[in-house]
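Everything below belongs to run12.txt, which stores compact mmCIF, N, CA and C atoms.
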```txt
# COMPACT_ATOMS: atom_id res chain seq x y z
N LEU E 224 -23.68 -42.79 -41.42
CA LEU E 224 -23.73 -41.94 -42.60
C LEU E 224 -22.37 -41.28 -42.85
N ALA E 225 -21.73 -40.83 -41.77
CA ALA E 225 -20.42 -40.19 -41.94
C ALA E 225 -19.39 -41.16 -42.50
N LEU E 226 -19.58 -42.45 -42.27
CA LEU E 226 -18.66 -43.46 -42.78
C LEU E 226 -19.03 -43.93 -44.19
N ARG E 227 -20.16 -43.41 -44.69
CA ARG E 227 -20.70 -43.78 -46.01
C ARG E 227 -20.86 -45.28 -46.14
N ASP E 228 -21.59 -45.85 -45.18
CA ASP E 228 -21.91 -47.27 -45.20
C ASP E 228 -23.02 -47.48 -46.22
N ASP E 229 -22.65 -47.98 -47.39
CA ASP E 229 -23.60 -48.13 -48.49
C ASP E 229 -24.78 -49.03 -48.14
N ARG E 230 -24.56 -50.10 -47.38
CA ARG E 230 -25.67 -50.99 -47.00
C ARG E 230 -26.67 -50.24 -46.12
N TYR E 231 -26.17 -49.44 -45.20
CA TYR E 231 -27.05 -48.67 -44.33
C TYR E 231 -27.84 -47.62 -45.13
N ILE E 232 -27.15 -46.94 -46.02
CA ILE E 232 -27.79 -45.93 -46.86
C ILE E 232 -28.85 -46.59 -47.74
N ASP E 233 -28.53 -47.74 -48.32
CA ASP E 233 -29.51 -48.45 -49.14
C ASP E 233 -30.75 -48.80 -48.32
N ALA E 234 -30.55 -49.23 -47.08
CA ALA E 234 -31.68 -49.57 -46.21
C ALA E 234 -32.54 -48.34 -45.94
N LEU E 235 -31.91 -47.19 -45.77
CA LEU E 235 -32.65 -45.96 -45.53
C LEU E 235 -33.48 -45.55 -46.75
N LEU E 236 -32.96 -45.78 -47.91
CA LEU E 236 -33.63 -45.35 -49.14
C LEU E 236 -34.61 -46.38 -49.68
N ARG E 237 -34.42 -47.63 -49.34
CA ARG E 237 -35.20 -48.71 -49.93
C ARG E 237 -36.64 -48.74 -49.44
N GLU E 238 -36.85 -48.55 -48.18
CA GLU E 238 -38.19 -48.74 -47.62
C GLU E 238 -38.54 -47.60 -46.68
N GLU E 239 -39.72 -47.05 -46.88
CA GLU E 239 -40.18 -45.90 -46.09
C GLU E 239 -40.22 -46.22 -44.60
N THR E 240 -40.76 -47.38 -44.23
CA THR E 240 -40.87 -47.70 -42.81
C THR E 240 -39.50 -47.87 -42.18
N ALA E 241 -38.53 -48.39 -42.93
CA ALA E 241 -37.17 -48.50 -42.42
C ALA E 241 -36.59 -47.11 -42.18
N ASN E 242 -36.88 -46.19 -43.09
CA ASN E 242 -36.38 -44.82 -42.94
C ASN E 242 -36.94 -44.18 -41.67
N VAL E 243 -38.24 -44.34 -41.44
CA VAL E 243 -38.87 -43.76 -40.24
C VAL E 243 -38.26 -44.39 -38.99
N THR E 244 -38.15 -45.70 -38.98
CA THR E 244 -37.61 -46.40 -37.81
C THR E 244 -36.16 -46.02 -37.55
N LEU E 245 -35.35 -46.05 -38.57
CA LEU E 245 -33.92 -45.76 -38.40
C LEU E 245 -33.66 -44.29 -38.09
N ALA E 246 -34.58 -43.42 -38.48
CA ALA E 246 -34.42 -42.00 -38.16
C ALA E 246 -34.62 -41.75 -36.66
N GLY E 247 -35.34 -42.64 -36.01
CA GLY E 247 -35.57 -42.47 -34.57
C GLY E 247 -36.60 -41.42 -34.26
N LEU E 248 -37.43 -41.08 -35.23
CA LEU E 248 -38.48 -40.09 -35.05
C LEU E 248 -39.83 -40.78 -35.11
N ASP E 249 -40.82 -40.17 -34.46
CA ASP E 249 -42.17 -40.68 -34.66
C ASP E 249 -42.62 -40.28 -36.07
N SER E 250 -43.66 -40.93 -36.56
CA SER E 250 -44.10 -40.70 -37.94
C SER E 250 -44.47 -39.25 -38.22
N ARG E 251 -45.09 -38.59 -37.25
CA ARG E 251 -45.50 -37.20 -37.42
C ARG E 251 -44.28 -36.29 -37.58
N SER E 252 -43.32 -36.44 -36.69
CA SER E 252 -42.09 -35.62 -36.77
C SER E 252 -41.33 -35.91 -38.06
N HIS E 253 -41.30 -37.16 -38.45
CA HIS E 253 -40.63 -37.57 -39.68
C HIS E 253 -41.26 -36.87 -40.88
N ALA E 254 -42.58 -36.88 -40.95
CA ALA E 254 -43.28 -36.24 -42.08
C ALA E 254 -43.03 -34.74 -42.10
N LEU E 255 -43.03 -34.09 -40.94
CA LEU E 255 -42.80 -32.65 -40.90
C LEU E 255 -41.35 -32.31 -41.27
N ALA E 256 -40.42 -33.15 -40.86
CA ALA E 256 -39.01 -32.93 -41.24
C ALA E 256 -38.84 -33.04 -42.75
N ARG E 257 -39.50 -34.03 -43.33
CA ARG E 257 -39.42 -34.20 -44.79
C ARG E 257 -40.06 -33.02 -45.51
N LEU E 258 -41.15 -32.52 -44.96
CA LEU E 258 -41.79 -31.35 -45.55
C LEU E 258 -40.83 -30.16 -45.51
N GLY E 259 -40.14 -29.98 -44.41
CA GLY E 259 -39.15 -28.90 -44.31
C GLY E 259 -38.06 -29.04 -45.37
N ALA E 260 -37.65 -30.26 -45.63
CA ALA E 260 -36.64 -30.49 -46.67
C ALA E 260 -37.18 -30.14 -48.05
N LEU E 261 -38.45 -30.46 -48.30
CA LEU E 261 -39.04 -30.12 -49.59
C LEU E 261 -39.08 -28.61 -49.80
N ILE E 262 -39.39 -27.89 -48.73
CA ILE E 262 -39.41 -26.43 -48.80
C ILE E 262 -38.01 -25.92 -49.14
N ALA E 263 -37.01 -26.46 -48.46
CA ALA E 263 -35.62 -26.04 -48.68
C ALA E 263 -35.15 -26.32 -50.10
N LEU E 264 -35.66 -27.41 -50.68
CA LEU E 264 -35.22 -27.81 -52.02
C LEU E 264 -36.06 -27.22 -53.14
N ASP E 265 -37.09 -26.45 -52.80
CA ASP E 265 -38.01 -25.90 -53.80
C ASP E 265 -38.58 -27.03 -54.66
N ALA E 266 -39.15 -28.01 -53.99
CA ALA E 266 -39.66 -29.22 -54.63
C ALA E 266 -40.89 -28.95 -55.48
N ALA E 267 -41.19 -29.92 -56.32
CA ALA E 267 -42.36 -29.86 -57.20
C ALA E 267 -43.65 -30.02 -56.39
N PRO E 268 -44.75 -29.46 -56.88
CA PRO E 268 -46.02 -29.55 -56.16
C PRO E 268 -46.43 -30.97 -55.80
N ALA E 269 -46.18 -31.93 -56.67
CA ALA E 269 -46.57 -33.32 -56.39
C ALA E 269 -45.86 -33.86 -55.15
N SER E 270 -44.65 -33.42 -54.92
CA SER E 270 -43.91 -33.86 -53.73
C SER E 270 -44.59 -33.36 -52.46
N TYR E 271 -45.13 -32.16 -52.51
CA TYR E 271 -45.84 -31.62 -51.35
C TYR E 271 -47.10 -32.43 -51.05
N MET E 272 -47.79 -32.85 -52.10
CA MET E 272 -49.02 -33.64 -51.90
C MET E 272 -48.70 -34.89 -51.10
N SER E 273 -47.66 -35.58 -51.48
CA SER E 273 -47.27 -36.81 -50.80
C SER E 273 -46.85 -36.54 -49.36
N ALA E 274 -46.06 -35.50 -49.14
CA ALA E 274 -45.57 -35.19 -47.80
C ALA E 274 -46.70 -34.75 -46.88
N VAL E 275 -47.59 -33.94 -47.40
CA VAL E 275 -48.73 -33.49 -46.59
C VAL E 275 -49.61 -34.66 -46.22
N GLN E 276 -49.87 -35.55 -47.16
CA GLN E 276 -50.70 -36.71 -46.86
C GLN E 276 -50.04 -37.59 -45.80
N ALA E 277 -48.73 -37.77 -45.91
CA ALA E 277 -48.00 -38.55 -44.90
C ALA E 277 -48.12 -37.90 -43.53
N GLY E 278 -48.02 -36.57 -43.49
CA GLY E 278 -48.16 -35.86 -42.23
C GLY E 278 -49.55 -36.00 -41.63
N LEU E 279 -50.56 -35.83 -42.46
CA LEU E 279 -51.94 -35.98 -41.99
C LEU E 279 -52.20 -37.40 -41.51
N ASP E 280 -51.71 -38.38 -42.26
CA ASP E 280 -51.88 -39.78 -41.87
C ASP E 280 -51.20 -40.07 -40.53
N ALA E 281 -50.12 -39.34 -40.25
CA ALA E 281 -49.38 -39.55 -39.00
C ALA E 281 -49.92 -38.71 -37.85
N GLY E 282 -50.97 -37.93 -38.11
CA GLY E 282 -51.60 -37.18 -37.03
C GLY E 282 -51.22 -35.71 -36.96
N ALA E 283 -50.45 -35.22 -37.92
CA ALA E 283 -50.12 -33.79 -37.94
C ALA E 283 -51.38 -32.99 -38.27
N THR E 284 -51.47 -31.81 -37.72
CA THR E 284 -52.59 -30.93 -38.01
C THR E 284 -52.23 -30.00 -39.16
N TYR E 285 -53.24 -29.37 -39.74
CA TYR E 285 -52.98 -28.39 -40.79
C TYR E 285 -52.12 -27.25 -40.24
N ASP E 286 -52.38 -26.84 -39.01
CA ASP E 286 -51.58 -25.77 -38.40
C ASP E 286 -50.11 -26.18 -38.28
N GLU E 287 -49.85 -27.43 -37.93
CA GLU E 287 -48.46 -27.89 -37.83
C GLU E 287 -47.81 -27.97 -39.21
N ILE E 288 -48.57 -28.38 -40.19
CA ILE E 288 -48.03 -28.47 -41.55
C ILE E 288 -47.67 -27.08 -42.06
N VAL E 289 -48.57 -26.14 -41.90
CA VAL E 289 -48.29 -24.76 -42.32
C VAL E 289 -47.21 -24.14 -41.44
N GLY E 290 -47.21 -24.51 -40.16
CA GLY E 290 -46.18 -24.01 -39.23
C GLY E 290 -44.78 -24.41 -39.64
N THR E 291 -44.67 -25.47 -40.42
CA THR E 291 -43.36 -25.88 -40.91
C THR E 291 -42.75 -24.79 -41.79
N LEU E 292 -43.58 -24.09 -42.54
CA LEU E 292 -43.09 -22.95 -43.34
C LEU E 292 -42.43 -21.91 -42.43
N ILE E 293 -43.08 -21.61 -41.34
CA ILE E 293 -42.57 -20.61 -40.41
C ILE E 293 -41.28 -21.11 -39.75
N ALA E 294 -41.26 -22.39 -39.39
CA ALA E 294 -40.10 -22.96 -38.71
C ALA E 294 -38.84 -22.92 -39.56
N VAL E 295 -38.98 -23.15 -40.86
CA VAL E 295 -37.79 -23.20 -41.72
C VAL E 295 -37.39 -21.85 -42.29
N MET E 296 -38.25 -20.85 -42.14
CA MET E 296 -37.97 -19.55 -42.76
C MET E 296 -36.61 -18.95 -42.37
N PRO E 297 -36.21 -18.99 -41.10
CA PRO E 297 -34.90 -18.41 -40.78
C PRO E 297 -33.72 -19.14 -41.43
N ILE E 298 -33.92 -20.39 -41.77
CA ILE E 298 -32.85 -21.18 -42.37
C ILE E 298 -32.84 -21.06 -43.89
N VAL E 299 -34.01 -21.21 -44.52
CA VAL E 299 -34.07 -21.25 -45.98
C VAL E 299 -34.33 -19.89 -46.61
N GLY E 300 -34.85 -18.95 -45.84
CA GLY E 300 -35.08 -17.60 -46.35
C GLY E 300 -36.51 -17.35 -46.76
N ILE E 301 -36.85 -16.10 -46.76
CA ILE E 301 -38.22 -15.68 -47.07
C ILE E 301 -38.58 -16.03 -48.50
N ALA E 302 -37.69 -15.81 -49.44
CA ALA E 302 -38.01 -16.08 -50.85
C ALA E 302 -38.37 -17.54 -51.07
N ARG E 303 -37.65 -18.44 -50.46
CA ARG E 303 -37.92 -19.87 -50.63
C ARG E 303 -39.27 -20.23 -50.01
N VAL E 304 -39.58 -19.66 -48.84
CA VAL E 304 -40.85 -19.95 -48.16
C VAL E 304 -42.02 -19.38 -48.97
N VAL E 305 -41.86 -18.18 -49.49
CA VAL E 305 -42.92 -17.58 -50.30
C VAL E 305 -43.15 -18.41 -51.57
N ALA E 306 -42.08 -18.93 -52.16
CA ALA E 306 -42.21 -19.78 -53.34
C ALA E 306 -42.88 -21.11 -53.00
N ALA E 307 -42.63 -21.62 -51.81
CA ALA E 307 -43.19 -22.91 -51.41
C ALA E 307 -44.65 -22.80 -50.96
N ALA E 308 -45.05 -21.65 -50.46
CA ALA E 308 -46.38 -21.49 -49.88
C ALA E 308 -47.52 -21.90 -50.82
N PRO E 309 -47.52 -21.48 -52.09
CA PRO E 309 -48.62 -21.92 -52.96
C PRO E 309 -48.66 -23.43 -53.18
N ASN E 310 -47.49 -24.07 -53.24
CA ASN E 310 -47.45 -25.52 -53.40
C ASN E 310 -48.01 -26.22 -52.16
N LEU E 311 -47.65 -25.71 -51.01
CA LEU E 311 -48.16 -26.28 -49.76
C LEU E 311 -49.66 -26.02 -49.64
N ALA E 312 -50.08 -24.82 -50.03
CA ALA E 312 -51.51 -24.49 -49.98
C ALA E 312 -52.32 -25.44 -50.85
N LEU E 313 -51.83 -25.70 -52.04
CA LEU E 313 -52.49 -26.63 -52.95
C LEU E 313 -52.58 -28.02 -52.31
N ALA E 314 -51.51 -28.45 -51.68
CA ALA E 314 -51.46 -29.78 -51.07
C ALA E 314 -52.44 -29.93 -49.91
N VAL E 315 -52.73 -28.84 -49.21
CA VAL E 315 -53.69 -28.93 -48.09
C VAL E 315 -55.11 -28.58 -48.54
N GLY E 316 -55.28 -28.32 -49.84
CA GLY E 316 -56.60 -28.05 -50.37
C GLY E 316 -57.07 -26.62 -50.27
N TYR E 317 -56.12 -25.69 -50.13
CA TYR E 317 -56.45 -24.26 -50.04
C TYR E 317 -56.34 -23.65 -51.42
N ASP E 318 -57.39 -22.98 -51.85
CA ASP E 318 -57.41 -22.36 -53.17
C ASP E 318 -56.85 -20.94 -53.09
N VAL E 319 -55.60 -20.78 -53.45
CA VAL E 319 -54.92 -19.48 -53.38
C VAL E 319 -55.58 -18.48 -54.31
N SER E 320 -55.95 -18.90 -55.52
CA SER E 320 -56.57 -17.99 -56.47
C SER E 320 -57.87 -17.42 -55.92
N GLU E 321 -58.68 -18.27 -55.34
CA GLU E 321 -59.94 -17.81 -54.76
C GLU E 321 -59.71 -16.84 -53.61
N ALA E 322 -58.72 -17.12 -52.79
CA ALA E 322 -58.41 -16.25 -51.67
C ALA E 322 -57.94 -14.88 -52.16
N LEU E 323 -57.16 -14.87 -53.24
CA LEU E 323 -56.69 -13.60 -53.78
C LEU E 323 -57.83 -12.76 -54.34
N GLU E 324 -58.84 -13.41 -54.90
CA GLU E 324 -60.00 -12.68 -55.41
C GLU E 324 -60.76 -12.00 -54.28
N LEU E 325 -60.77 -12.58 -53.11
CA LEU E 325 -61.46 -12.01 -51.96
C LEU E 325 -60.74 -10.80 -51.38
N VAL E 326 -59.44 -10.68 -51.68
CA VAL E 326 -58.63 -9.58 -51.15
C VAL E 326 -59.07 -8.25 -51.75
N ASP E 327 -59.49 -8.25 -53.01
CA ASP E 327 -59.89 -7.02 -53.68
C ASP E 327 -61.03 -6.46 -52.95
```
Once more with this new file: its structure as C-alpha cells, please.
Amino acid sequence: LALRDDRYIDALLREETANVTLAGLDSRSHALARLGALIALDAAPASYMSAVQAGLDAGATYDEIVGTLIAVMPIVGIARVVAAAPNLALAVGYDVSEALELVD
C-alpha cells in the first residue's frame, strides 16, 4: 500500500473475500474493523446494515458490535459515536424511538 501498487489495491477493492484474506484478519475481526471505520466516517444508515449483517454472519455478537462504538470513542470522539449510535441501533434492530418513550 505504501508503494501504491495499483494491482494490489484493485485486488483489495474488487472482491470482498480477497479483501478479508489479504487483510490477514478473521471474518469477525474484519467486519468489526469495517464497522469502526463506518463510525469514524459518519456513514449512512444503509452502510451500517451491511456491516452489522457481515459481523453477525461472521459470528460477532450484538455486544461486540455495540462494543465497537466504545472501542473507537477515544479515537473518533464522543460526538461521532453519539451520531453513529442511532444508525447502529437501527442496524441491530433496536427501536430508539420506542426506548425513548419508555424513559419518560
Using all atoms listed in the file, which of E:Ala306, E:Ala254, E:Leu245, E:Leu236 sits nearest Leu279 of chain E?
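For Leu279 of chain E, the nearest of the candidates is E:Ala254.
The space separating atom CA of Val295 of chain E from atom CA of Arg227 of chain E comes to 27.1 Å.
Proximity of E:Ala281, E:Pro297, E:Ala308, E:Leu325 to Asp249 of chain E, computed with all atoms listed in the file, is greatest for E:Ala281.
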Atom CA of Asn310 of chain E and atom CA of Tyr271 of chain E, how far apart in Å?
6.6 Å
Report, in Å with one decimal, the straight-line distance from atom CA of Asp233 of chain E to atom CA of Arg257 of chain E.
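Atom-to-atom, atom CA of Asp233 of chain E to atom CA of Arg257 of chain E, that is 17.9 Å.
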Please extract the residues of segment 234-320 of chain E with a backbone DSSP assignment of helix (DSSP H, G or I) and present them as number ranges by chain.
E: 234-237, 239-246, 250-264, 268-280, 285-299, 301-314, 319-320
Repair of segment 304-323 of chain E at the level of N, CA, C and O atoms, as a PDB file, keeping the file's coordinate frame:
```
ATOM      1  N   VAL E 304     -39.580 -19.660 -48.840  1.00  0.00           N
ATOM      2  CA  VAL E 304     -40.850 -19.950 -48.160  1.00  0.00           C
ATOM      3  C   VAL E 304     -42.020 -19.380 -48.970  1.00  0.00           C
ATOM      4  O   VAL E 304     -43.046 -20.046 -49.140  1.00  0.00           O
ATOM      5  N   VAL E 305     -41.860 -18.180 -49.490  1.00  0.00           N
ATOM      6  CA  VAL E 305     -42.920 -17.580 -50.300  1.00  0.00           C
ATOM      7  C   VAL E 305     -43.150 -18.410 -51.570  1.00  0.00           C
ATOM      8  O   VAL E 305     -44.288 -18.614 -51.993  1.00  0.00           O
ATOM      9  N   ALA E 306     -42.080 -18.930 -52.160  1.00  0.00           N
ATOM     10  CA  ALA E 306     -42.210 -19.780 -53.340  1.00  0.00           C
ATOM     11  C   ALA E 306     -42.880 -21.110 -53.000  1.00  0.00           C
ATOM     12  O   ALA E 306     -43.632 -21.657 -53.809  1.00  0.00           O
ATOM     13  N   ALA E 307     -42.630 -21.620 -51.810  1.00  0.00           N
ATOM     14  CA  ALA E 307     -43.190 -22.910 -51.410  1.00  0.00           C
ATOM     15  C   ALA E 307     -44.650 -22.800 -50.960  1.00  0.00           C
ATOM     16  O   ALA E 307     -45.403 -23.772 -51.061  1.00  0.00           O
ATOM     17  N   ALA E 308     -45.050 -21.650 -50.460  1.00  0.00           N
ATOM     18  CA  ALA E 308     -46.380 -21.490 -49.880  1.00  0.00           C
ATOM     19  C   ALA E 308     -47.520 -21.900 -50.820  1.00  0.00           C
ATOM     20  O   ALA E 308     -48.427 -22.618 -50.392  1.00  0.00           O
ATOM     21  N   PRO E 309     -47.520 -21.480 -52.090  1.00  0.00           N
ATOM     22  CA  PRO E 309     -48.620 -21.920 -52.960  1.00  0.00           C
ATOM     23  C   PRO E 309     -48.660 -23.430 -53.180  1.00  0.00           C
ATOM     24  O   PRO E 309     -49.738 -24.022 -53.262  1.00  0.00           O
ATOM     25  N   ASN E 310     -47.490 -24.070 -53.240  1.00  0.00           N
ATOM     26  CA  ASN E 310     -47.450 -25.520 -53.400  1.00  0.00           C
ATOM     27  C   ASN E 310     -48.010 -26.220 -52.160  1.00  0.00           C
ATOM     28  O   ASN E 310     -48.750 -27.197 -52.270  1.00  0.00           O
ATOM     29  N   LEU E 311     -47.650 -25.710 -51.010  1.00  0.00           N
ATOM     30  CA  LEU E 311     -48.160 -26.280 -49.760  1.00  0.00           C
ATOM     31  C   LEU E 311     -49.660 -26.020 -49.640  1.00  0.00           C
ATOM     32  O   LEU E 311     -50.424 -26.902 -49.234  1.00  0.00           O
ATOM     33  N   ALA E 312     -50.080 -24.820 -50.030  1.00  0.00           N
ATOM     34  CA  ALA E 312     -51.510 -24.490 -49.980  1.00  0.00           C
ATOM     35  C   ALA E 312     -52.320 -25.440 -50.850  1.00  0.00           C
ATOM     36  O   ALA E 312     -53.365 -25.947 -50.440  1.00  0.00           O
ATOM     37  N   LEU E 313     -51.830 -25.700 -52.040  1.00  0.00           N
ATOM     38  CA  LEU E 313     -52.490 -26.630 -52.950  1.00  0.00           C
ATOM     39  C   LEU E 313     -52.580 -28.020 -52.310  1.00  0.00           C
ATOM     40  O   LEU E 313     -53.618 -28.683 -52.383  1.00  0.00           O
ATOM     41  N   ALA E 314     -51.510 -28.450 -51.680  1.00  0.00           N
ATOM     42  CA  ALA E 314     -51.460 -29.780 -51.070  1.00  0.00           C
ATOM     43  C   ALA E 314     -52.440 -29.930 -49.910  1.00  0.00           C
ATOM     44  O   ALA E 314     -52.928 -31.027 -49.655  1.00  0.00           O
ATOM     45  N   VAL E 315     -52.730 -28.840 -49.210  1.00  0.00           N
ATOM     46  CA  VAL E 315     -53.690 -28.930 -48.090  1.00  0.00           C
ATOM     47  C   VAL E 315     -55.110 -28.580 -48.540  1.00  0.00           C
ATOM     48  O   VAL E 315     -56.023 -28.522 -47.736  1.00  0.00           O
ATOM     49  N   GLY E 316     -55.280 -28.320 -49.840  1.00  0.00           N
ATOM     50  CA  GLY E 316     -56.600 -28.050 -50.370  1.00  0.00           C
ATOM     51  C   GLY E 316     -57.070 -26.620 -50.270  1.00  0.00           C
ATOM     52  O   GLY E 316     -58.253 -26.331 -50.375  1.00  0.00           O
ATOM     53  N   TYR E 317     -56.120 -25.690 -50.130  1.00  0.00           N
ATOM     54  CA  TYR E 317     -56.450 -24.260 -50.040  1.00  0.00           C
ATOM     55  C   TYR E 317     -56.340 -23.650 -51.420  1.00  0.00           C
ATOM     56  O   TYR E 317     -55.330 -23.783 -52.095  1.00  0.00           O
ATOM     57  N   ASP E 318     -57.390 -22.980 -51.850  1.00  0.00           N
ATOM     58  CA  ASP E 318     -57.410 -22.360 -53.170  1.00  0.00           C
ATOM     59  C   ASP E 318     -56.850 -20.940 -53.090  1.00  0.00           C
ATOM     60  O   ASP E 318     -57.558 -20.003 -52.696  1.00  0.00           O
ATOM     61  N   VAL E 319     -55.600 -20.780 -53.450  1.00  0.00           N
ATOM     62  CA  VAL E 319     -54.920 -19.480 -53.380  1.00  0.00           C
ATOM     63  C   VAL E 319     -55.580 -18.480 -54.310  1.00  0.00           C
ATOM     64  O   VAL E 319     -55.789 -17.325 -53.945  1.00  0.00           O
ATOM     65  N   SER E 320     -55.950 -18.900 -55.520  1.00  0.00           N
ATOM     66  CA  SER E 320     -56.570 -17.990 -56.470  1.00  0.00           C
ATOM     67  C   SER E 320     -57.870 -17.420 -55.920  1.00  0.00           C
ATOM     68  O   SER E 320     -58.139 -16.212 -56.044  1.00  0.00           O
ATOM     69  N   GLU E 321     -58.680 -18.270 -55.340  1.00  0.00           N
ATOM     70  CA  GLU E 321     -59.940 -17.810 -54.760  1.00  0.00           C
ATOM     71  C   GLU E 321     -59.710 -16.840 -53.610  1.00  0.00           C
ATOM     72  O   GLU E 321     -60.385 -15.827 -53.488  1.00  0.00           O
ATOM     73  N   ALA E 322     -58.720 -17.120 -52.790  1.00  0.00           N
ATOM     74  CA  ALA E 322     -58.410 -16.250 -51.670  1.00  0.00           C
ATOM     75  C   ALA E 322     -57.940 -14.880 -52.160  1.00  0.00           C
ATOM     76  O   ALA E 322     -58.277 -13.856 -51.574  1.00  0.00           O
ATOM     77  N   LEU E 323     -57.160 -14.870 -53.240  1.00  0.00           N
ATOM     78  CA  LEU E 323     -56.690 -13.600 -53.780  1.00  0.00           C
ATOM     79  C   LEU E 323     -57.830 -12.760 -54.340  1.00  0.00           C
ATOM     80  O   LEU E 323     -57.808 -11.528 -54.278  1.00  0.00           O
TER      81      LEU E 323
END
```
